[in-house]
>>> print(open('run.cif').read())   # mmCIF, C-alpha atoms
data_final
#
loop_
_atom_site.label_atom_id
_atom_site.label_comp_id
_atom_site.auth_asym_id
_atom_site.auth_seq_id
_atom_site.Cartn_x
_atom_site.Cartn_y
_atom_site.Cartn_z
CA MET F 1 0.00 0.00 0.00
CA ALA F 2 2.91 2.29 -0.78
CA LEU F 3 2.93 5.42 -2.89
CA ARG F 4 5.53 6.86 -5.21
CA VAL F 5 5.01 10.23 -6.83
CA MET F 6 6.72 11.23 -10.05
CA SER F 7 6.45 14.68 -11.49
CA ASP F 8 7.72 16.18 -14.67
CA GLU F 9 7.43 19.52 -16.44
CA LYS F 10 5.76 18.58 -19.71
CA THR F 11 6.07 22.04 -21.23
CA PRO F 12 6.89 25.32 -19.46
CA GLY F 13 4.30 25.81 -16.74
CA VAL F 14 2.58 22.50 -17.41
CA TYR F 15 3.37 19.77 -14.91
CA VAL F 16 2.44 16.10 -14.94
CA VAL F 17 2.15 14.51 -11.49
CA SER F 18 1.91 10.71 -11.47
CA PRO F 19 1.04 9.02 -8.19
CA VAL F 20 1.90 5.33 -8.35
CA GLY F 21 0.27 2.84 -6.00
CA SER F 22 -2.15 3.58 -3.21
CA LEU F 23 -3.27 7.07 -2.16
CA ASP F 24 -4.68 6.61 1.33
CA THR F 25 -4.60 7.92 4.90
CA ASN F 26 -0.95 6.97 5.31
CA THR F 27 0.42 7.99 1.93
CA TYR F 28 -1.53 11.11 0.94
CA SER F 29 1.05 13.41 2.56
CA THR F 30 3.64 12.27 -0.01
CA LEU F 31 1.47 13.58 -2.83
CA GLN F 32 0.52 16.65 -0.82
CA GLN F 33 4.15 17.61 -0.34
CA GLU F 34 4.88 17.27 -4.03
CA VAL F 35 1.84 19.31 -5.00
CA GLU F 36 2.61 22.04 -2.44
CA SER F 37 6.13 22.23 -3.80
CA LEU F 38 4.82 22.71 -7.34
CA LEU F 39 2.27 25.28 -6.22
CA GLN F 40 5.02 27.46 -4.81
CA GLY F 41 6.09 28.10 -8.37
CA SER F 42 3.58 29.42 -10.83
CA PRO F 43 2.21 26.40 -12.61
CA GLN F 44 -0.39 27.08 -15.25
CA VAL F 45 -1.58 23.52 -15.44
CA ILE F 46 -1.17 20.53 -13.14
CA ILE F 47 -2.04 17.24 -14.77
CA PHE F 48 -2.64 14.28 -12.49
CA ASP F 49 -1.86 11.18 -14.54
CA LEU F 50 -3.66 8.45 -12.60
CA LYS F 51 -2.72 5.51 -14.83
CA GLU F 52 -0.83 3.72 -12.08
CA LEU F 53 -3.00 4.79 -9.17
CA ASN F 54 -4.89 1.70 -8.06
CA TYR F 55 -6.54 2.95 -4.86
CA ILE F 56 -7.79 6.24 -3.47
CA SER F 57 -9.61 7.19 -0.28
CA SER F 58 -11.01 10.51 0.92
CA SER F 59 -7.55 11.65 2.08
CA GLY F 60 -6.21 11.33 -1.44
CA VAL F 61 -9.23 13.00 -3.00
CA SER F 62 -8.70 15.92 -0.62
CA VAL F 63 -5.20 16.51 -1.98
CA ILE F 64 -6.51 16.72 -5.54
CA LEU F 65 -9.38 18.98 -4.50
CA MET F 66 -6.91 21.21 -2.65
CA ALA F 67 -4.75 21.46 -5.74
CA ARG F 68 -7.78 22.32 -7.81
CA LYS F 69 -8.89 25.03 -5.39
CA VAL F 70 -5.45 26.68 -5.27
CA MET F 71 -4.94 26.48 -9.01
CA LYS F 72 -8.36 27.97 -9.63
CA SER F 73 -7.49 30.90 -7.36
CA LYS F 74 -4.39 31.47 -9.47
CA GLU F 75 -6.36 31.13 -12.72
CA GLY F 76 -4.62 27.86 -13.41
CA GLU F 77 -6.13 24.47 -14.09
CA VAL F 78 -6.03 20.91 -12.80
CA LEU F 79 -6.60 18.11 -15.30
CA LEU F 80 -7.05 14.41 -14.63
CA VAL F 81 -6.09 11.68 -17.10
CA ASN F 82 -6.02 7.87 -17.28
CA MET F 83 -8.35 7.29 -14.35
CA GLN F 84 -8.96 3.64 -13.51
CA PRO F 85 -12.64 2.68 -13.04
CA GLN F 86 -12.40 2.15 -9.28
CA ILE F 87 -10.82 5.60 -8.88
CA GLU F 88 -13.42 7.26 -11.06
CA LYS F 89 -16.13 5.61 -8.96
CA VAL F 90 -14.82 7.31 -5.80
CA PHE F 91 -14.76 10.73 -7.48
CA GLU F 92 -18.29 10.16 -8.76
CA ILE F 93 -19.51 9.27 -5.28
CA ILE F 94 -18.13 12.55 -3.98
CA LYS F 95 -19.46 14.36 -7.02
CA ALA F 96 -16.12 16.05 -7.44
CA LEU F 97 -16.28 15.74 -11.18
CA PRO F 98 -19.05 17.91 -12.65
CA ASP F 99 -16.80 20.74 -13.74
CA GLN F 100 -13.58 18.78 -13.72
CA ARG F 101 -11.86 17.97 -16.98
CA ILE F 102 -11.01 14.29 -17.16
CA PHE F 103 -9.28 12.80 -20.14
CA LYS F 104 -9.32 9.14 -20.98
CA ASP F 105 -5.80 9.12 -22.30
CA ILE F 106 -2.76 11.26 -23.01
CA GLU F 107 -3.69 11.78 -26.66
CA GLU F 108 -6.99 13.35 -25.72
CA LEU F 109 -5.22 15.51 -23.12
CA ASP F 110 -2.55 16.68 -25.58
CA SER F 111 -5.22 17.58 -28.09
CA TYR F 112 -6.94 19.74 -25.45
CA LEU F 113 -3.67 21.42 -24.45
CA ASP F 114 -2.89 22.19 -28.09
CA ARG F 115 -6.29 23.81 -28.54
CA MET F 116 -5.81 25.87 -25.38
CA GLN F 117 -2.38 26.98 -26.46
CA LYS F 118 -3.64 28.04 -29.88
CA LYS F 119 -6.48 29.91 -28.22
CA VAL F 120 -4.02 31.81 -26.00
CA ILE F 121 -1.85 32.70 -28.99
CA LYS F 122 -4.88 33.85 -30.97
CA GLU F 123 -6.20 36.00 -28.12
CA GLY F 124 -2.72 37.36 -27.36
CA MET K 1 -14.02 -24.61 -0.72
CA ALA K 2 -10.35 -25.08 0.19
CA GLY K 3 -8.74 -21.99 1.74
CA GLN K 4 -12.04 -20.26 2.35
CA GLU K 5 -12.13 -18.01 5.38
CA VAL K 6 -15.68 -17.44 6.49
CA SER K 7 -14.77 -15.01 9.23
CA LYS K 8 -11.77 -13.01 10.26
CA ASN K 9 -10.97 -10.94 13.33
CA ILE K 10 -8.41 -8.18 13.38
CA LEU K 11 -7.44 -6.13 16.40
CA ILE K 12 -5.70 -2.88 15.62
CA ASN K 13 -4.29 -0.03 17.69
CA ASN K 14 -5.66 3.51 17.42
CA ASN K 15 -2.86 4.56 15.14
CA LEU K 16 -3.34 5.51 11.50
CA SER K 17 -0.36 3.40 10.50
CA GLU K 18 -2.42 0.33 11.43
CA ILE K 19 -4.74 0.91 8.51
CA GLU K 20 -2.21 -0.68 6.21
CA ARG K 21 -2.38 -3.90 8.22
CA LEU K 22 -6.16 -3.74 8.12
CA SER K 23 -6.16 -3.25 4.34
CA LYS K 24 -3.87 -6.23 3.86
CA ALA K 25 -6.18 -8.35 6.02
CA VAL K 26 -9.14 -7.32 3.86
CA ALA K 27 -7.26 -8.25 0.68
CA GLU K 28 -6.35 -11.62 2.14
CA PHE K 29 -9.89 -12.28 3.32
CA GLY K 30 -11.30 -11.30 -0.06
CA LYS K 31 -8.86 -13.48 -1.94
CA LYS K 32 -9.56 -16.53 0.22
CA ASN K 33 -13.29 -16.13 -0.34
CA ASN K 34 -12.86 -15.40 -4.03
CA LEU K 35 -14.65 -12.08 -3.72
CA ALA K 36 -14.92 -9.80 -6.74
CA GLY K 37 -12.20 -7.17 -6.99
CA GLU K 38 -14.73 -4.37 -6.78
CA VAL K 39 -16.17 -5.82 -3.56
CA ILE K 40 -12.73 -6.10 -1.97
CA TYR K 41 -12.01 -2.51 -2.96
CA ASP K 42 -15.29 -1.25 -1.50
CA ILE K 43 -14.76 -3.10 1.78
CA ARG K 44 -11.17 -1.88 2.08
CA LEU K 45 -12.23 1.70 1.40
CA ALA K 46 -15.25 1.65 3.75
CA LEU K 47 -13.18 0.21 6.58
CA GLU K 48 -10.40 2.74 6.03
CA GLU K 49 -12.87 5.63 6.16
CA VAL K 50 -14.61 4.34 9.31
CA VAL K 51 -11.47 3.37 11.18
CA SER K 52 -9.57 6.54 10.30
CA ASN K 53 -12.52 8.58 11.60
CA ILE K 54 -12.45 6.62 14.86
CA ILE K 55 -8.71 7.11 15.25
CA LYS K 56 -8.82 10.83 14.42
CA TYR K 57 -11.96 11.87 16.27
CA GLY K 58 -12.98 9.09 18.64
CA TYR K 59 -10.63 9.61 21.55
CA GLU K 60 -9.98 12.49 23.88
CA ASP K 61 -6.92 11.02 25.59
CA ASP K 62 -3.45 9.99 24.50
CA TYR K 63 -3.73 6.38 25.60
CA ASP K 64 -3.51 3.33 23.42
CA HIS K 65 -6.84 1.87 22.45
CA LYS K 66 -7.88 -1.19 20.52
CA ILE K 67 -10.30 -1.27 17.63
CA ALA K 68 -11.79 -4.68 16.84
CA VAL K 69 -12.75 -5.40 13.26
CA HIS K 70 -14.67 -8.55 12.45
CA MET K 71 -15.47 -9.66 8.90
CA ASN K 72 -17.96 -12.37 8.08
CA TRP K 73 -18.63 -13.86 4.67
CA GLN K 74 -21.89 -15.53 3.76
CA SER K 75 -22.86 -16.56 0.28
CA GLU K 76 -24.85 -13.42 -0.43
CA SER K 77 -23.20 -10.78 1.71
CA VAL K 78 -20.15 -9.71 3.63
CA THR K 79 -20.69 -8.10 7.02
CA MET K 80 -18.11 -6.09 8.89
CA GLN K 81 -18.33 -5.06 12.51
CA ILE K 82 -16.11 -2.34 13.94
CA LYS K 83 -16.03 -2.01 17.72
CA ASP K 84 -14.17 0.68 19.64
CA ASP K 85 -14.17 2.09 23.15
CA GLY K 86 -13.95 5.72 22.12
CA LYS K 87 -16.42 8.43 23.08
CA PRO K 88 -20.02 7.87 21.99
CA PHE K 89 -19.80 8.41 18.28
CA ASN K 90 -22.52 7.48 15.83
CA PRO K 91 -21.07 8.04 12.35
CA LEU K 92 -24.57 7.93 10.91
CA GLU K 93 -25.16 11.28 12.56
CA ILE K 94 -22.34 12.90 10.61
CA LYS K 95 -24.17 14.90 8.03
CA SER K 96 -23.34 13.57 4.62
CA ALA K 97 -20.80 16.04 3.32
CA ASN K 98 -22.44 19.04 1.80
CA LEU K 99 -20.73 18.47 -1.45
CA LYS K 100 -21.34 21.96 -2.69
CA ARG K 101 -19.40 23.44 0.19
CA GLN K 102 -15.82 24.30 -0.39
CA PHE K 103 -13.08 21.95 0.62
CA GLY K 104 -12.01 22.78 4.18
CA GLU K 105 -15.47 23.89 5.23
CA ARG K 106 -16.94 20.44 5.49
CA GLU K 107 -17.64 18.60 8.72
CA PRO K 108 -14.66 16.43 9.68
CA GLY K 109 -15.14 12.90 8.41
CA GLY K 110 -18.08 13.99 6.27
CA MET K 111 -16.53 12.96 2.98
CA GLY K 112 -15.47 9.60 4.39
CA MET K 113 -18.91 8.75 5.77
CA HIS K 114 -20.54 9.82 2.54
CA ILE K 115 -18.37 7.31 0.74
CA VAL K 116 -19.26 4.58 3.26
CA ARG K 117 -22.99 5.25 2.83
CA LYS K 118 -22.68 4.94 -0.92
CA LEU K 119 -20.56 1.79 -0.89
CA MET K 120 -22.36 -0.22 1.76
CA ASP K 121 -25.86 -1.62 1.47
CA LYS K 122 -26.73 -1.57 5.15
CA ILE K 123 -25.26 0.34 8.10
CA LEU K 124 -26.24 -0.18 11.73
CA TYR K 125 -24.91 1.48 14.86
CA LYS K 126 -25.34 0.80 18.52
CA ARG K 127 -23.70 1.85 21.73
CA GLU K 128 -23.10 -1.20 23.88
CA GLU K 129 -21.30 -1.53 27.22
CA GLY K 130 -19.18 1.55 26.65
CA ASN K 131 -18.35 0.64 23.06
CA ASN K 132 -19.37 1.98 19.69
CA VAL K 133 -20.42 -0.92 17.48
CA LEU K 134 -20.84 -0.22 13.79
CA GLN K 135 -22.01 -2.90 11.40
CA LEU K 136 -21.59 -2.60 7.63
CA THR K 137 -23.11 -5.02 5.15
CA LYS K 138 -22.27 -5.38 1.47
CA TYR K 139 -24.57 -7.57 -0.61
CA LEU K 140 -22.88 -9.74 -3.18
CA ALA K 141 -25.79 -10.35 -5.52
CA ASP K 142 -24.50 -7.86 -8.09
CA HIS K 143 -20.98 -9.21 -7.90
CA PRO K 144 -20.60 -12.84 -8.93
CA ILE K 145 -17.59 -14.26 -7.17
CA GLY K 146 -14.20 -13.73 -8.69
CA GLN K 147 -15.26 -11.04 -11.16
#
>>> encode(input="run.cif", output="structure tokens")
Amino acid sequence: MALRVMSDEKTPGVYVVSPVGSLDTNTYSTLQQEVESLLQGSPQVIIFDLKELNYISSSGVSVILMARKVMKSKEGEVLLVNMQPQIEKVFEIIKALPDQRIFKDIEELDSYLDRMQKKVIKEG
Amino acid sequence: MAGQEVSKNILINNNLSEIERLSKAVAEFGKKNNLAGEVIYDIRLALEEVVSNIIKYGYEDDYDHKIAVHMNWQSESVTMQIKDDGKPFNPLEIKSANLKRQFGEREPGGMGMHIVRKLMDKILYKREEGNNVLQLTKYLADHPIGQ
């Protein structure tokens, strides 16, 4: 029931955070520390790639909701991708998803990011 | 069925680090009884939410306490009983998290109990001889074994 967290800057200001394993009462602080560290910079987008996350409880959900709240206050965005069915079920129970962008895979996510980037360039 | 474990008792200390041991016991119990993966997940999650609430909010002293978890498998349901000697605490009285409220404003444990209510088919609470006794039941009818 361990957790490893990997994070990577995909493009300037866009970070991919990949929790691997179990996000529960004992491991959520590992993810929280990584997210808080990223938030101290000025990320535009934090992407949680949940491909290798096989378990989540309310403690883990709270970290993602916290990230979303902070990013929203900074006019940034949190995106979720590659959610396994049992993880999606927990988010649906909490109804944390209505206005949350969730992408089924990286290709769909990249397509969205490209569109957003083009929109920024056009409006700039 | 060889290896089947109809019931299992686990005694844990009121320390959040014990939840890992509890989760492993659930996985083992589920595997021995050939429970569906989704059922094992739901039981593990419900027990984590209940037990972590007990550990975080159930005691007003710094002493060690024991929490007794009993799991029982019958052909059509799994029943879990969680017994603790903390202060009177009926988790059913925790208002289901007002999900429209902002994170940080919700009642402690609200999100966890909301999850438990959604995952479990029956929840009963009683206060008995100075103990909180919570019983959770998950019906297996929708989850053929091993799927």
>>> resolve_selection(input="run.cif", expression="the PyMOL selection byres ((chain K) within 10 of (chain F))", output="mmCIF file with C-alpha atoms, in the frame of the given file")
data_model
loop_
_atom_site.group_PDB
_atom_site.id
_atom_site.type_symbol
_atom_site.label_atom_id
_atom_site.label_comp_id
_atom_site.auth_asym_id
_atom_site.auth_seq_id
_atom_site.Cartn_x
_atom_site.Cartn_y
_atom_site.Cartn_z
ATOM 1 C CA LEU K 16 -3.340 5.510 11.500
ATOM 2 C CA SER K 17 -0.360 3.400 10.500
ATOM 3 C CA GLU K 18 -2.420 0.330 11.430
ATOM 4 C CA ILE K 19 -4.740 0.910 8.510
ATOM 5 C CA GLU K 20 -2.210 -0.680 6.210
ATOM 6 C CA ARG K 21 -2.380 -3.900 8.220
ATOM 7 C CA SER K 23 -6.160 -3.250 4.340
ATOM 8 C CA LYS K 24 -3.870 -6.230 3.860
ATOM 9 C CA GLY K 37 -12.200 -7.170 -6.990
ATOM 10 C CA GLU K 38 -14.730 -4.370 -6.780
ATOM 11 C CA TYR K 41 -12.010 -2.510 -2.960
ATOM 12 C CA ASP K 42 -15.290 -1.250 -1.500
ATOM 13 C CA ARG K 44 -11.170 -1.880 2.080
ATOM 14 C CA LEU K 45 -12.230 1.700 1.400
ATOM 15 C CA ALA K 46 -15.250 1.650 3.750
ATOM 16 C CA GLU K 48 -10.400 2.740 6.030
ATOM 17 C CA GLU K 49 -12.870 5.630 6.160
ATOM 18 C CA SER K 52 -9.570 6.540 10.300
ATOM 19 C CA ALA K 97 -20.800 16.040 3.320
ATOM 20 C CA ASN K 98 -22.440 19.040 1.800
ATOM 21 C CA LEU K 99 -20.730 18.470 -1.450
ATOM 22 C CA LYS K 100 -21.340 21.960 -2.690
ATOM 23 C CA GLN K 102 -15.820 24.300 -0.390
ATOM 24 C CA PHE K 103 -13.080 21.950 0.620
ATOM 25 C CA GLY K 104 -12.010 22.780 4.180
ATOM 26 C CA GLY K 109 -15.140 12.900 8.410
ATOM 27 C CA GLY K 110 -18.080 13.990 6.270
ATOM 28 C CA MET K 111 -16.530 12.960 2.980
ATOM 29 C CA GLY K 112 -15.470 9.600 4.390
ATOM 30 C CA MET K 113 -18.910 8.750 5.770
ATOM 31 C CA HIS K 114 -20.540 9.820 2.540
ATOM 32 C CA ILE K 115 -18.370 7.310 0.740
ATOM 33 C CA VAL K 116 -19.260 4.580 3.260
ATOM 34 C CA ARG K 117 -22.990 5.250 2.830
ATOM 35 C CA LYS K 118 -22.680 4.940 -0.920
ATOM 36 C CA LEU K 119 -20.560 1.790 -0.890
#
>>> residues_around(input="run.cif", residues="Glu129 in chain K", least_positions_apart="4", cutoff="12 Å", atoms="only C-alpha atoms", output="short mmCIF file (atom, residue, chain, number, x, y, z; two decimals) with C-alpha atoms, in the frame of the given file")
data_model
loop_
_atom_site.label_atom_id
_atom_site.label_comp_id
_atom_site.auth_asym_id
_atom_site.auth_seq_id
_atom_site.Cartn_x
_atom_site.Cartn_y
_atom_site.Cartn_z
CA LYS K 83 -16.03 -2.01 17.72
CA ASP K 84 -14.17 0.68 19.64
CA ASP K 85 -14.17 2.09 23.15
CA GLY K 86 -13.95 5.72 22.12
CA LYS K 87 -16.42 8.43 23.08
CA PRO K 88 -20.02 7.87 21.99
CA VAL K 133 -20.42 -0.92 17.48
#
>>> atom_distance(input="run.cif", atom1="CA of Gln117 in chain F", atom2="CA of Glu9 in chain F")
15.9 Å
>>> atom_distance(input="run.cif", atom1="CA of Lys66 in chain K", atom2="CA of Val26 in chain K")
17.8 Å
>>> residues_around(input="run.cif", residues="Gly41 in chain F", least_positions_apart="3", cutoff="12 Å", atoms="all atoms listed in the file", output="list in words")
Glu9, Pro12, Gly13, Val14, Tyr15, Glu34, Val35, Glu36, Ser37, Leu38, Gln44, Val45, Ile46, Met71, Lys74 and Gly76 of chain F
>>> residues_around(input="run.cif", residues="Phe103 in chain F", least_positions_apart="4", cutoff="9 Å", atoms="all atoms listed in the file", output="ChimeraX atom specification")
/F:79-83,107-109
>>> atom_distance(input="run.cif", atom1="CA of Ile87 in chain F", atom2="CA of Ala36 in chain K")
16.1 Å
>>> decode(input="run.cif", residues="range 9-54 of chain K", atoms="C-alpha atoms", output="PDB file, in the first residue's frame")
ATOM      1  CA  ASN K   9     -10.972 -10.944  13.332  1.00  0.00           C
ATOM      2  CA  ILE K  10      -8.407  -8.175  13.381  1.00  0.00           C
ATOM      3  CA  LEU K  11      -7.435  -6.134  16.402  1.00  0.00           C
ATOM      4  CA  ILE K  12      -5.705  -2.875  15.618  1.00  0.00           C
ATOM      5  CA  ASN K  13      -4.287  -0.026  17.692  1.00  0.00           C
ATOM      6  CA  ASN K  14      -5.656   3.509  17.420  1.00  0.00           C
ATOM      7  CA  ASN K  15      -2.855   4.562  15.139  1.00  0.00           C
ATOM      8  CA  LEU K  16      -3.343   5.508  11.501  1.00  0.00           C
ATOM      9  CA  SER K  17      -0.356   3.397  10.500  1.00  0.00           C
ATOM     10  CA  GLU K  18      -2.416   0.330  11.429  1.00  0.00           C
ATOM     11  CA  ILE K  19      -4.743   0.914   8.511  1.00  0.00           C
ATOM     12  CA  GLU K  20      -2.210  -0.680   6.212  1.00  0.00           C
ATOM     13  CA  ARG K  21      -2.380  -3.901   8.217  1.00  0.00           C
ATOM     14  CA  LEU K  22      -6.162  -3.739   8.116  1.00  0.00           C
ATOM     15  CA  SER K  23      -6.157  -3.246   4.344  1.00  0.00           C
ATOM     16  CA  LYS K  24      -3.874  -6.229   3.855  1.00  0.00           C
ATOM     17  CA  ALA K  25      -6.177  -8.354   6.019  1.00  0.00           C
ATOM     18  CA  VAL K  26      -9.137  -7.321   3.859  1.00  0.00           C
ATOM     19  CA  ALA K  27      -7.258  -8.246   0.685  1.00  0.00           C
ATOM     20  CA  GLU K  28      -6.345 -11.622   2.139  1.00  0.00           C
ATOM     21  CA  PHE K  29      -9.892 -12.277   3.319  1.00  0.00           C
ATOM     22  CA  GLY K  30     -11.299 -11.297  -0.055  1.00  0.00           C
ATOM     23  CA  LYS K  31      -8.862 -13.483  -1.942  1.00  0.00           C
ATOM     24  CA  LYS K  32      -9.563 -16.529   0.225  1.00  0.00           C
ATOM     25  CA  ASN K  33     -13.287 -16.134  -0.336  1.00  0.00           C
ATOM     26  CA  ASN K  34     -12.858 -15.403  -4.032  1.00  0.00           C
ATOM     27  CA  LEU K  35     -14.652 -12.077  -3.724  1.00  0.00           C
ATOM     28  CA  ALA K  36     -14.921  -9.799  -6.744  1.00  0.00           C
ATOM     29  CA  GLY K  37     -12.196  -7.170  -6.991  1.00  0.00           C
ATOM     30  CA  GLU K  38     -14.733  -4.373  -6.777  1.00  0.00           C
ATOM     31  CA  VAL K  39     -16.170  -5.819  -3.559  1.00  0.00           C
ATOM     32  CA  ILE K  40     -12.729  -6.103  -1.968  1.00  0.00           C
ATOM     33  CA  TYR K  41     -12.009  -2.507  -2.956  1.00  0.00           C
ATOM     34  CA  ASP K  42     -15.294  -1.254  -1.496  1.00  0.00           C
ATOM     35  CA  ILE K  43     -14.755  -3.095   1.782  1.00  0.00           C
ATOM     36  CA  ARG K  44     -11.175  -1.884   2.076  1.00  0.00           C
ATOM     37  CA  LEU K  45     -12.234   1.700   1.405  1.00  0.00           C
ATOM     38  CA  ALA K  46     -15.247   1.653   3.748  1.00  0.00           C
ATOM     39  CA  LEU K  47     -13.177   0.213   6.583  1.00  0.00           C
ATOM     40  CA  GLU K  48     -10.404   2.737   6.028  1.00  0.00           C
ATOM     41  CA  GLU K  49     -12.868   5.629   6.161  1.00  0.00           C
ATOM     42  CA  VAL K  50     -14.612   4.336   9.306  1.00  0.00           C
ATOM     43  CA  VAL K  51     -11.468   3.369  11.185  1.00  0.00           C
ATOM     44  CA  SER K  52      -9.570   6.536  10.304  1.00  0.00           C
ATOM     45  CA  ASN K  53     -12.520   8.579  11.602  1.00  0.00           C
ATOM     46  CA  ILE K  54     -12.455   6.620  14.858  1.00  0.00           C
TER      47      ILE K  54
END
